[in-house]
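Source file: work-v1.txt. Holds: compact mmCIF, C-alpha atoms.
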# COMPACT_ATOMS: atom_id res chain seq x y z
CA TRP L 1434 8.44 -13.76 9.12
CA HIS L 1435 5.38 -15.97 8.80
CA GLY L 1436 2.86 -14.07 6.75
CA ILE L 1437 -0.57 -13.92 5.27
CA THR L 1438 -2.43 -11.56 2.94
CA LEU L 1439 -5.42 -9.89 4.52
CA THR L 1440 -7.80 -8.58 1.90
CA SER L 1441 -8.54 -4.89 2.11
CA GLU L 1442 -11.48 -2.58 1.64
CA GLN L 1443 -13.37 -2.45 -1.63
CA TYR L 1444 -10.60 -3.99 -3.75
CA TYR L 1445 -11.51 -7.47 -2.57
CA ARG L 1446 -14.50 -6.81 -0.34
CA PRO L 1447 -17.55 -5.70 -2.32
CA HIS L 1448 -19.12 -3.66 0.47
CA ALA L 1449 -17.47 -0.46 1.71
CA ASP L 1450 -18.48 -1.26 5.30
CA MET L 1451 -16.47 -4.49 5.32
CA LYS L 1452 -13.24 -3.32 6.91
CA ALA L 1453 -10.56 -5.36 8.64
CA GLN L 1454 -11.80 -6.42 12.06
CA GLU L 1455 -9.89 -6.91 15.28
CA HIS L 1456 -11.00 -10.55 15.56
CA GLU L 1457 -9.32 -11.21 12.19
CA ILE L 1458 -6.02 -9.83 13.47
CA GLN L 1459 -6.35 -11.92 16.61
CA ALA L 1460 -7.09 -15.05 14.55
CA ILE L 1461 -4.02 -14.35 12.41
CA GLN L 1462 -1.87 -14.08 15.52
CA ASN L 1463 -3.45 -17.22 17.02
CA ALA L 1464 -2.57 -19.10 13.83
CA GLY L 1465 1.10 -18.22 14.35
CA PHE L 1466 1.48 -15.45 11.77
CA ASN L 1467 3.46 -12.28 12.52
CA PHE L 1468 3.30 -10.54 9.12
CA ILE L 1469 0.28 -9.18 7.26
CA ARG L 1470 0.43 -8.14 3.62
CA TYR L 1471 -2.39 -5.63 3.25
CA PRO L 1472 -3.31 -4.49 -0.28
CA LEU L 1473 -4.55 -0.90 -0.41
CA ASP L 1474 -6.79 0.18 -3.24
CA PHE L 1475 -5.27 3.50 -4.32
CA GLU L 1476 -8.66 4.94 -5.26
CA TYR L 1477 -10.38 3.88 -2.02
CA TYR L 1478 -8.13 6.20 -0.03
CA HIS L 1479 -8.39 9.29 -2.19
CA GLY L 1480 -9.87 8.72 -5.63
CA ARG L 1481 -8.05 9.19 -8.89
CA VAL L 1482 -6.35 12.41 -7.83
CA LEU L 1483 -5.32 13.69 -4.45
CA GLU L 1484 -7.48 16.66 -3.52
CA ASP L 1485 -5.15 19.35 -2.21
CA GLY L 1486 -2.66 16.61 -1.38
CA LYS L 1487 -5.06 15.06 1.13
CA MET L 1488 -6.37 11.56 1.43
CA ASN L 1489 -9.73 10.39 2.80
CA GLU L 1490 -9.32 10.89 6.55
CA ASN L 1491 -12.10 8.48 7.56
CA ARG L 1492 -10.52 5.69 5.55
CA LEU L 1493 -7.08 6.51 6.90
CA LYS L 1494 -8.46 6.17 10.43
CA GLU L 1495 -9.48 2.61 9.51
CA LEU L 1496 -5.88 1.99 8.47
CA ASP L 1497 -4.63 3.59 11.72
CA GLN L 1498 -6.79 1.16 13.69
CA LEU L 1499 -5.52 -1.83 11.73
CA LEU L 1500 -1.92 -0.76 12.38
CA ALA L 1501 -2.66 -0.30 16.09
CA TRP L 1502 -4.14 -3.81 16.33
CA CYS L 1503 -1.10 -5.23 14.58
CA MET L 1504 1.36 -3.37 16.80
CA GLU L 1505 -0.47 -4.53 19.95
CA ARG L 1506 0.10 -8.11 18.77
CA ASP L 1507 3.67 -7.62 17.48
CA ILE L 1508 2.54 -8.23 13.89
CA HIS L 1509 4.31 -6.46 11.02
CA LEU L 1510 1.99 -4.69 8.57
CA ASN L 1511 3.14 -4.47 4.94
CA LEU L 1512 1.04 -1.97 2.99
CA VAL L 1513 0.77 -2.82 -0.71
CA CYS L 1514 -0.43 -0.34 -3.34
CA LEU L 1515 -2.97 -1.49 -5.92
CA PHE L 1516 -4.22 0.72 -8.71
CA GLY L 1517 -7.83 0.69 -9.89
CA HIS L 1518 -8.72 -0.68 -13.30
CA ASP L 1519 -9.58 2.75 -14.69
CA TRP L 1520 -6.17 4.24 -13.90
CA PRO L 1521 -4.39 5.60 -17.03
CA SER L 1522 -2.70 2.81 -19.02
CA TYR L 1523 -3.70 0.15 -16.49
CA ALA L 1524 -4.54 -2.38 -19.20
CA ASN L 1525 -1.23 -1.86 -20.96
CA GLU L 1526 1.37 -2.72 -18.36
CA ASN L 1527 4.32 -1.62 -20.49
CA GLN L 1528 2.77 1.84 -20.87
CA PHE L 1529 1.74 2.20 -17.23
CA VAL L 1530 5.24 2.96 -15.97
CA LYS L 1531 5.96 5.31 -18.87
CA ASN L 1532 3.22 7.74 -17.84
CA PRO L 1533 4.65 10.42 -15.48
CA GLU L 1534 1.14 11.08 -14.14
CA ASN L 1535 1.10 7.57 -12.70
CA ALA L 1536 4.48 8.03 -11.01
CA GLN L 1537 3.41 11.39 -9.61
CA GLY L 1538 0.19 9.96 -8.20
CA LEU L 1539 2.02 7.03 -6.65
CA ALA L 1540 4.67 9.34 -5.16
CA GLN L 1541 1.96 11.54 -3.58
CA PHE L 1542 0.18 8.48 -2.21
CA TRP L 1543 3.27 7.04 -0.50
CA ASN L 1544 4.50 10.46 0.63
CA ALA L 1545 1.18 11.01 2.41
CA LEU L 1546 1.41 7.62 4.12
CA ALA L 1547 5.07 8.23 5.00
CA GLN L 1548 4.07 11.50 6.69
CA ARG L 1549 1.21 9.88 8.57
CA TYR L 1550 3.32 6.98 9.83
CA ALA L 1551 6.72 8.66 10.15
CA ASP L 1552 7.01 7.66 13.81
CA ILE L 1553 6.18 3.98 13.27
CA PRO L 1554 9.32 1.79 13.30
CA ASN L 1555 10.12 -0.59 10.44
CA ARG L 1556 9.60 -3.41 12.91
CA TYR L 1557 5.86 -2.77 12.54
CA LEU L 1558 5.44 -1.21 9.11
CA SER L 1559 6.77 -1.48 5.55
CA PHE L 1560 5.60 -0.29 2.14
CA SER L 1561 5.28 -2.37 -1.03
CA LEU L 1562 5.27 0.41 -3.60
CA LEU L 1563 3.56 -1.57 -6.36
CA ASP L 1564 1.78 -4.90 -6.31
CA ALA L 1565 3.22 -5.91 -9.68
CA SER L 1566 6.17 -5.01 -11.87
CA TRP L 1567 3.84 -4.08 -14.74
CA GLY L 1568 5.90 -5.91 -17.36
CA ALA L 1569 8.29 -3.03 -18.10
CA SER L 1570 12.04 -3.23 -18.48
CA ASP L 1571 14.37 -2.89 -15.50
CA GLU L 1572 15.24 0.62 -16.67
CA ASP L 1573 11.60 1.71 -17.03
CA HIS L 1574 10.74 0.23 -13.66
CA ALA L 1575 13.65 1.97 -11.93
CA ALA L 1576 12.91 5.32 -13.60
CA PHE L 1577 9.24 5.06 -12.61
CA LEU L 1578 9.89 4.15 -8.97
CA SER L 1579 12.82 6.50 -8.28
CA PRO L 1580 10.61 9.57 -7.62
CA VAL L 1581 8.30 7.38 -5.53
CA VAL L 1582 11.19 6.19 -3.37
CA ASP L 1583 12.48 9.76 -3.09
CA ALA L 1584 9.04 10.97 -1.94
CA VAL L 1585 9.07 8.45 0.91
CA ARG L 1586 12.74 9.00 1.80
CA GLN L 1587 12.09 12.76 2.20
CA ILE L 1588 9.89 11.88 5.16
CA SER L 1589 11.14 8.50 6.39
CA PRO L 1590 14.76 7.98 5.29
CA ASP L 1591 14.90 4.47 6.75
CA ARG L 1592 11.44 3.17 5.79
CA CYS L 1593 11.56 -0.40 4.51
CA MET L 1594 10.20 -0.39 0.94
CA MET L 1595 9.87 -3.11 -1.65
CA THR L 1596 8.24 -3.91 -4.96
CA ASN L 1597 7.71 -7.08 -6.96
CA VAL L 1598 10.32 -8.09 -9.51
CA GLY L 1599 10.65 -11.09 -11.78
CA GLU L 1600 7.43 -10.45 -13.71
CA GLY L 1601 7.37 -9.67 -17.41
CA MET L 1602 10.68 -8.17 -18.47
CA ILE L 1603 11.86 -7.36 -14.94
CA THR L 1604 14.93 -9.31 -13.90
CA GLY L 1605 15.47 -7.64 -10.56
Would you mind writing the file out in structure tokens?
Amino acid sequence: WHGITLTSEQYYRPHADMKAQEHEIQAIQNAGFNFIRYPLDFEYYHGRVLEDGKMNENRLKELDQLLAWCMERDIHLNLVCLFGHDWPSYANENQFVKNPENAQGLAQFWNALAQRYADIPNRYLSFSLLDASWGASDEDHAAFLSPVVDAVRQISPDRCMMTNVGEGMITG
């Protein structure tokens, strides 16, 4: 893979109307890249809590379009979850993974995306469950992510998933 990070809605782009554009995907392909790491702001897609288990459909359609552009150009899209700064325990990384509410929210988020993209092959799509290891121990990290992985595997048993390791107390 030859990859690049494409900044996503609101997390990096200050205006909600600044979405990924097709010409950007074409420029990425023209530059010889075939992998896009795309950070998703958790709150942009559904706010702090999923309402009735549903995410913002208009924003998901933007993501659908991005995936379609990538697939047309044989570019792999890696979706990366970012949490907003007001999420519980965000400022204290060691406490973040110890809060079951955070794991539950993350599991619902990825389960919803797994359902939406169940028919998309790993060749075109993968999930990075967390953008950072949050400084917890290996054990805390594994306990936190196990229900998240299970939530995706219920829908897409073979989905390629990853998370960052090697930060803080994580050894991998």
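Between Glu1505 in chain L and the residues L:Tyr1557, L:Asn1535, L:Ala1576, L:Ser1570, the shortest atom-to-atom distance, using all atoms listed in the file, involves L:Tyr1557.
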### Message
I need the residue nearest Cys1593 in chain L from this list: L:Ala1464, L:Leu1473, L:Ala1575, L:Ala1547. Use only C-alpha atoms for the distance.
### Response
L:Ala1547
Each residue of range 1541-1597 of chain L lying at most 10 Å from range 1494-1500 of chain L should get a row with its shortest atom-to-atom pair and the distance in Å to one decimal, counting all atoms listed in the file; could you produce that, ordered by chain and increasing number, as JSON lines?
{"residue": "L:Arg1549", "atom": "CA", "partner": "L:Asp1497", "partner_atom": "CA", "distance": 9.1}
{"residue": "L:Tyr1550", "atom": "CA", "partner": "L:Asp1497", "partner_atom": "CA", "distance": 8.8}
{"residue": "L:Ile1553", "atom": "CA", "partner": "L:Leu1500", "partner_atom": "CA", "distance": 9.4}
{"residue": "L:Tyr1557", "atom": "CA", "partner": "L:Leu1500", "partner_atom": "CA", "distance": 8.0}
{"residue": "L:Leu1558", "atom": "CA", "partner": "L:Leu1500", "partner_atom": "CA", "distance": 8.1}
### Selection: 9 Å around Gln1462 in chain L, only C-alpha atoms, excl. self and same-chain fewer than 3 positions, as a PyMOL selection string
chain L and resi 1457-1459+1465-1468+1503+1506-1508
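Compared by their closest atoms to Leu1563 in chain L, and using all atoms listed in the file, the residues L:Leu1546, L:Met1595, L:Ala1551, L:Ala1584 rank with L:Met1595 nearest.
Minimum distance to Cys1514 in chain L across L:Ser1559, L:Gln1587, L:Ser1579, L:Gln1454 (counting only C-alpha atoms) occurs at L:Ser1559.
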### Task
Provide the CA of Trp1543 in chain L to CA of Ile1469 in chain L distance in Å, to one decimal place.
18.2 Å
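Going from CA of Ile1588 in chain L over to CA of Phe1560 in chain L, you cover 13.3 Å.
When CA of Asp1474 in chain L is paired with CA of Asp1571 in chain L, their separation reads 24.6 Å.
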